[in-house]
Amino acid sequence: MKTSKKTLFLKSDKVGEGELGSMLIKGFLSAIIEQENTPESIICVNSAVLLTTADEDNEIVAILKKIEEKGVKIYSCGTCLDYYNKRDDLKVGVAGNAMDTVKSLLSENIVSFN
């Protein structure tokens, strides 16, 4: 397994809206696990931090942990965690900050999703 010099920038906990949007984000993230080349990092901002702070028994947490085990760094926006009052609920990855995000945005190819 190897990482590409790409950062996945997630802005929402769904792709689109509603239940279908939740199913699509799970499918998309699950597909990353199956890839030979993985992104170097995933940055979650806005409501995407709800993915990394979901209940421990939520399938999305298990998916993100598998992605992290493949060497992908997962960051959740600290300001966003505070906004949703979820900083203490982080289950996968670490809290990032604006400096980490800007550094990634300027040094890696960004794939913005949703």
# chains A, B, ... in the order shown; residues from 1 in each chain; ligands from 1
>>> residues_around(residues="Gly78 in chain A", least_positions_apart="5", cutoff="6 Å", atoms="only C-alpha atoms", output="PyMOL selection string")
chain A and resi 95-97
>>> residues_around(residues="range 23-26 of chain A", least_positions_apart="5", cutoff="7 Å", atoms="only C-alpha atoms", output="compact mmCIF listing (two decimals) with N, CA and C atoms, in the first residue's frame")
# COMPACT_ATOMS: atom_id res chain seq x y z
N LYS A 14 -22.21 13.94 4.41
CA LYS A 14 -23.00 13.27 3.38
C LYS A 14 -22.50 13.69 2.00
N VAL A 15 -22.82 12.89 1.02
CA VAL A 15 -22.64 13.29 -0.37
C VAL A 15 -24.05 13.60 -0.87
N ILE A 60 -19.40 3.98 10.07
CA ILE A 60 -18.48 4.97 9.49
C ILE A 60 -17.20 5.08 10.30
>>> atom_distance(atom1="CA of Lys5 in chain A", atom2="CA of Val92 in chain A")
21.1 Å
>>> closest_atom_pairs(of="range 78-101 of chain A", to="range 30-47 of chain A", cutoff="10 Å", atoms="only C-alpha atoms", output="Markdown table")
| residue | atom | partner | partner_atom | distance |
| --- | --- | --- | --- | --- |
| A:Gly78 | CA | A:Val45 | CA | 8.6 |
| A:Thr79 | CA | A:Val45 | CA | 8.7 |
| A:Cys80 | CA | A:Asn46 | CA | 5.5 |
| A:Leu81 | CA | A:Asn46 | CA | 8.3 |
| A:Tyr83 | CA | A:Asn46 | CA | 8.8 |
| A:Tyr84 | CA | A:Ser47 | CA | 8.2 |
| A:Gly93 | CA | A:Ile42 | CA | 9.2 |
| A:Val94 | CA | A:Ile43 | CA | 9.9 |
| A:Ala95 | CA | A:Cys44 | CA | 9.5 |
| A:Gly96 | CA | A:Ile43 | CA | 8.2 |
| A:Asp100 | CA | A:Ile43 | CA | 9.4 |
| A:Thr101 | CA | A:Ile43 | CA | 7.3 |
>>> closest_residue(among="A:Phe28, A:Glu68, A:Lys91, A:Asp82", to="Thr52 in chain A", atoms="only C-alpha atoms")
A:Lys91
>>> select_by_dssp(residues="chain A", states="strand (DSSP E)", output="number ranges by chain")
A: 2-3, 6-10, 37-38, 41-44, 73-77, 94-96, 109-113
>>> closest_residue(among="A:Lys66, A:Lys6, A:Gly18, A:Asp13", to="Leu50 in chain A", atoms="only C-alpha atoms")
A:Asp13
>>> atom_distance(atom1="CA of Thr7 in chain A", atom2="CA of Leu106 in chain A")
10.4 Å
>>> atom_distance(atom1="CA of Glu69 in chain A", atom2="CA of Ser104 in chain A")
19.9 Å
